[in-house]
>>> print(open('model29.pdb').read())   # PDB, C-alpha atoms
ATOM      1  CA  MET A   1      -8.879   1.163  -6.293
ATOM      2  CA  GLU A   2     -10.800   1.381  -3.039
ATOM      3  CA  ALA A   3     -13.434   4.055  -2.555
ATOM      4  CA  THR A   4     -14.833   5.347   0.730
ATOM      5  CA  PHE A   5     -18.581   5.936   0.478
ATOM      6  CA  ALA A   6     -20.788   8.485   2.272
ATOM      7  CA  ASP A   7     -21.924   5.875   4.821
ATOM      8  CA  GLY A   8     -18.260   5.133   5.654
ATOM      9  CA  HIS A   9     -17.917   1.711   4.024
ATOM     10  CA  VAL A  10     -14.937   1.001   1.786
ATOM     11  CA  ALA A  11     -15.198  -1.154  -1.339
ATOM     12  CA  PRO A  12     -13.191  -1.763  -4.523
ATOM     13  CA  VAL A  13     -14.344   0.240  -7.549
ATOM     14  CA  GLY A  14     -12.994   0.140 -11.094
ATOM     15  CA  VAL A  15     -11.737   3.372 -12.647
ATOM     16  CA  THR A  16     -11.319   4.480 -16.257
ATOM     17  CA  TRP A  17      -8.362   6.874 -16.183
ATOM     18  CA  GLN A  18      -7.622   9.712 -18.592
ATOM     19  CA  ALA A  19      -4.273   9.358 -20.342
ATOM     20  CA  PRO A  20      -1.538  11.322 -18.532
ATOM     21  CA  ASP A  21       0.419  14.017 -20.351
ATOM     22  CA  ARG A  22       3.607  11.961 -20.716
ATOM     23  CA  SER A  23       5.519  14.982 -22.041
ATOM     24  CA  ARG A  24       5.493  16.280 -18.444
ATOM     25  CA  LEU A  25       7.034  13.054 -17.069
ATOM     26  CA  LYS A  26      10.648  13.215 -18.211
ATOM     27  CA  ARG A  27      12.767  13.298 -15.011
ATOM     28  CA  ALA A  28      12.698  11.904 -11.501
ATOM     29  CA  GLY A  29      10.411  14.118  -9.427
ATOM     30  CA  ASP A  30       8.215  15.245 -12.351
ATOM     31  CA  SER A  31       4.508  14.695 -11.693
ATOM     32  CA  VAL A  32       1.066  15.045 -13.233
ATOM     33  CA  THR A  33      -2.454  14.778 -11.880
ATOM     34  CA  ILE A  34      -4.851  12.510 -13.740
ATOM     35  CA  ARG A  35      -8.599  12.186 -13.321
ATOM     36  CA  GLY A  36     -10.794   9.173 -13.778
ATOM     37  CA  GLN A  37     -14.436   8.107 -13.865
ATOM     38  CA  LEU A  38     -15.544   5.526 -11.307
ATOM     39  CA  ALA A  39     -17.135   2.402 -12.786
ATOM     40  CA  ASN A  40     -20.157   2.852 -10.501
ATOM     41  CA  SER A  41     -20.953   6.136 -12.355
ATOM     42  CA  ALA A  42     -20.538   8.251  -9.222
ATOM     43  CA  ALA A  43     -20.328  11.991  -9.860
ATOM     44  CA  THR A  44     -17.185  12.251  -7.728
ATOM     45  CA  PRO A  45     -14.069  11.852  -9.892
ATOM     46  CA  ALA A  46     -11.105   9.681  -9.006
ATOM     47  CA  ILE A  47      -7.903  11.732  -8.819
ATOM     48  CA  ALA A  48      -4.340  10.394  -8.807
ATOM     49  CA  GLN A  49      -0.958  12.077  -8.622
ATOM     50  CA  VAL A  50       1.636  10.265 -10.782
ATOM     51  CA  ARG A  51       5.282  10.975  -9.993
ATOM     52  CA  VAL A  52       8.425   9.758 -11.772
ATOM     53  CA  GLY A  53      10.754   7.879  -9.434
ATOM     54  CA  PRO A  54      14.518   7.484  -9.712
ATOM     55  CA  ALA A  55      15.940   5.088 -12.284
ATOM     56  CA  ARG A  56      16.678   1.612 -10.958
TER
END
>>> encode(input="model29.pdb", output="structure tokens")
Amino acid sequence: MEATFADGHVAPVGVTWQAPDRSRLKRAGDSVTIRGQLANSAATPAIAQVRVGPAR
């Protein structure tokens, strides 16, 4: 993912994500928030919202 740093520059940073609670992702529209640790060991966590889309 890309991270924006305090000085304003943007750079790619790896993330180790926590496993999402898949039991909460059963139907289109269901969502969970997952947190991750940036590979650069920054104290700020990465946060992502995962949402189930419609079946294709």
>>> closest_residue(input="model29.pdb", among="A:Ser41, A:Val50, A:Arg56, A:Phe5", to="Arg22 of chain A", atoms="all atoms listed in the file")
A:Val50
>>> resolve_selection(input="model29.pdb", expression="the PyMOL selection byres ((chain A and resi 29) around 7)", output="list in words")
Arg27, Ala28, Asp30, Ser31, Arg51, Val52 and Gly53 of chain A
>>> closest_residue(input="model29.pdb", among="A:Pro20, A:Pro45, A:Gly8, A:Gly14", to="Thr33 of chain A", atoms="all atoms listed in the file")
A:Pro20
>>> residues_around(input="model29.pdb", residues="Asn40 of chain A", least_positions_apart="3", cutoff="12 Å", atoms="only C-alpha atoms", output="PyMOL selection string")
chain A and resi 3+5+11-16+36-37+43-46
>>> closest_residue(input="model29.pdb", among="A:Ala48, A:Ala55, A:Val32, A:Ala42", to="Met1 of chain A", atoms="all atoms listed in the file")
A:Ala48
>>> atom_distance(input="model29.pdb", atom1="atom CA of Thr4 of chain A", atom2="atom CA of Leu38 of chain A")
12.1 Å
>>> build_atoms(input="model29.pdb", residues="segment 28-39 of chain A", atoms="all heavy atoms", output="PDB file, in the coordinates of the input")
ATOM      1  N   ALA A  28      13.084  12.267 -12.863  1.00  0.00           N
ATOM      2  CA  ALA A  28      12.698  11.904 -11.501  1.00  0.00           C
ATOM      3  C   ALA A  28      12.175  13.146 -10.790  1.00  0.00           C
ATOM      4  O   ALA A  28      12.761  14.221 -10.879  1.00  0.00           O
ATOM      5  CB  ALA A  28      13.889  11.324 -10.747  1.00  0.00           C
ATOM      6  N   GLY A  29      11.027  13.004 -10.147  1.00  0.00           N
ATOM      7  CA  GLY A  29      10.411  14.118  -9.427  1.00  0.00           C
ATOM      8  C   GLY A  29       9.309  14.802 -10.209  1.00  0.00           C
ATOM      9  O   GLY A  29       8.472  15.494  -9.619  1.00  0.00           O
ATOM     10  N   ASP A  30       9.299  14.665 -11.547  1.00  0.00           N
ATOM     11  CA  ASP A  30       8.215  15.245 -12.351  1.00  0.00           C
ATOM     12  C   ASP A  30       6.901  14.564 -11.977  1.00  0.00           C
ATOM     13  O   ASP A  30       6.879  13.378 -11.646  1.00  0.00           O
ATOM     14  CB  ASP A  30       8.459  15.050 -13.847  1.00  0.00           C
ATOM     15  CG  ASP A  30       9.583  15.910 -14.400  1.00  0.00           C
ATOM     16  OD1 ASP A  30      10.088  16.786 -13.680  1.00  0.00           O
ATOM     17  OD2 ASP A  30       9.949  15.687 -15.571  1.00  0.00           O
ATOM     18  N   SER A  31       5.795  15.308 -12.026  1.00  0.00           N
ATOM     19  CA  SER A  31       4.508  14.695 -11.693  1.00  0.00           C
ATOM     20  C   SER A  31       3.375  15.317 -12.497  1.00  0.00           C
ATOM     21  O   SER A  31       3.500  16.425 -13.012  1.00  0.00           O
ATOM     22  CB  SER A  31       4.228  14.843 -10.200  1.00  0.00           C
ATOM     23  OG  SER A  31       4.048  16.200  -9.854  1.00  0.00           O
ATOM     24  N   VAL A  32       2.301  14.568 -12.603  1.00  0.00           N
ATOM     25  CA  VAL A  32       1.066  15.045 -13.233  1.00  0.00           C
ATOM     26  C   VAL A  32      -0.113  14.530 -12.412  1.00  0.00           C
ATOM     27  O   VAL A  32       0.000  13.525 -11.710  1.00  0.00           O
ATOM     28  CB  VAL A  32       0.901  14.578 -14.701  1.00  0.00           C
ATOM     29  CG1 VAL A  32       1.955  15.167 -15.599  1.00  0.00           C
ATOM     30  CG2 VAL A  32       0.862  13.086 -14.808  1.00  0.00           C
ATOM     31  N   THR A  33      -1.215  15.222 -12.505  1.00  0.00           N
ATOM     32  CA  THR A  33      -2.454  14.778 -11.880  1.00  0.00           C
ATOM     33  C   THR A  33      -3.359  14.252 -12.981  1.00  0.00           C
ATOM     34  O   THR A  33      -3.506  14.891 -14.016  1.00  0.00           O
ATOM     35  CB  THR A  33      -3.143  15.952 -11.150  1.00  0.00           C
ATOM     36  OG1 THR A  33      -2.252  16.438 -10.140  1.00  0.00           O
ATOM     37  CG2 THR A  33      -4.444  15.512 -10.505  1.00  0.00           C
ATOM     38  N   ILE A  34      -3.908  13.056 -12.764  1.00  0.00           N
ATOM     39  CA  ILE A  34      -4.851  12.510 -13.740  1.00  0.00           C
ATOM     40  C   ILE A  34      -6.190  12.265 -13.056  1.00  0.00           C
ATOM     41  O   ILE A  34      -6.254  12.027 -11.858  1.00  0.00           O
ATOM     42  CB  ILE A  34      -4.330  11.212 -14.413  1.00  0.00           C
ATOM     43  CG1 ILE A  34      -3.994  10.146 -13.392  1.00  0.00           C
ATOM     44  CG2 ILE A  34      -3.139  11.513 -15.300  1.00  0.00           C
ATOM     45  CD1 ILE A  34      -3.638   8.820 -14.003  1.00  0.00           C
ATOM     46  N   ARG A  35      -7.243  12.375 -13.831  1.00  0.00           N
ATOM     47  CA  ARG A  35      -8.599  12.186 -13.321  1.00  0.00           C
ATOM     48  C   ARG A  35      -9.196  10.941 -13.958  1.00  0.00           C
ATOM     49  O   ARG A  35      -8.809  10.543 -15.045  1.00  0.00           O
ATOM     50  CB  ARG A  35      -9.456  13.402 -13.639  1.00  0.00           C
ATOM     51  CG  ARG A  35      -8.939  14.669 -12.968  1.00  0.00           C
ATOM     52  CD  ARG A  35      -9.668  15.902 -13.430  1.00  0.00           C
ATOM     53  NE  ARG A  35     -10.969  16.083 -12.815  1.00  0.00           N
ATOM     54  CZ  ARG A  35     -11.186  16.552 -11.591  1.00  0.00           C
ATOM     55  NH1 ARG A  35     -10.164  16.854 -10.833  1.00  0.00           N
ATOM     56  NH2 ARG A  35     -12.401  16.722 -11.127  1.00  0.00           N
ATOM     57  N   GLY A  36     -10.144  10.363 -13.268  1.00  0.00           N
ATOM     58  CA  GLY A  36     -10.794   9.173 -13.778  1.00  0.00           C
ATOM     59  C   GLY A  36     -12.266   9.146 -13.411  1.00  0.00           C
ATOM     60  O   GLY A  36     -12.710   9.867 -12.516  1.00  0.00           O
ATOM     61  N   GLN A  37     -13.009   8.308 -14.114  1.00  0.00           N
ATOM     62  CA  GLN A  37     -14.436   8.107 -13.865  1.00  0.00           C
ATOM     63  C   GLN A  37     -14.611   6.767 -13.169  1.00  0.00           C
ATOM     64  O   GLN A  37     -14.134   5.747 -13.658  1.00  0.00           O
ATOM     65  CB  GLN A  37     -15.223   8.127 -15.179  1.00  0.00           C
ATOM     66  CG  GLN A  37     -16.685   7.822 -15.037  1.00  0.00           C
ATOM     67  CD  GLN A  37     -17.424   8.861 -14.212  1.00  0.00           C
ATOM     68  OE1 GLN A  37     -17.281  10.054 -14.436  1.00  0.00           O
ATOM     69  NE2 GLN A  37     -18.190   8.404 -13.244  1.00  0.00           N
ATOM     70  N   LEU A  38     -15.293   6.770 -12.029  1.00  0.00           N
ATOM     71  CA  LEU A  38     -15.544   5.526 -11.307  1.00  0.00           C
ATOM     72  C   LEU A  38     -16.520   4.653 -12.086  1.00  0.00           C
ATOM     73  O   LEU A  38     -17.466   5.152 -12.698  1.00  0.00           O
ATOM     74  CB  LEU A  38     -16.104   5.823  -9.919  1.00  0.00           C
ATOM     75  CG  LEU A  38     -15.202   6.642  -8.996  1.00  0.00           C
ATOM     76  CD1 LEU A  38     -15.919   6.938  -7.691  1.00  0.00           C
ATOM     77  CD2 LEU A  38     -13.896   5.929  -8.742  1.00  0.00           C
ATOM     78  N   ALA A  39     -16.300   3.344 -12.049  1.00  0.00           N
ATOM     79  CA  ALA A  39     -17.135   2.402 -12.786  1.00  0.00           C
ATOM     80  C   ALA A  39     -18.575   2.379 -12.285  1.00  0.00           C
ATOM     81  O   ALA A  39     -19.472   1.982 -13.012  1.00  0.00           O
ATOM     82  CB  ALA A  39     -16.533   1.006 -12.707  1.00  0.00           C
TER      83      ALA A  39
END
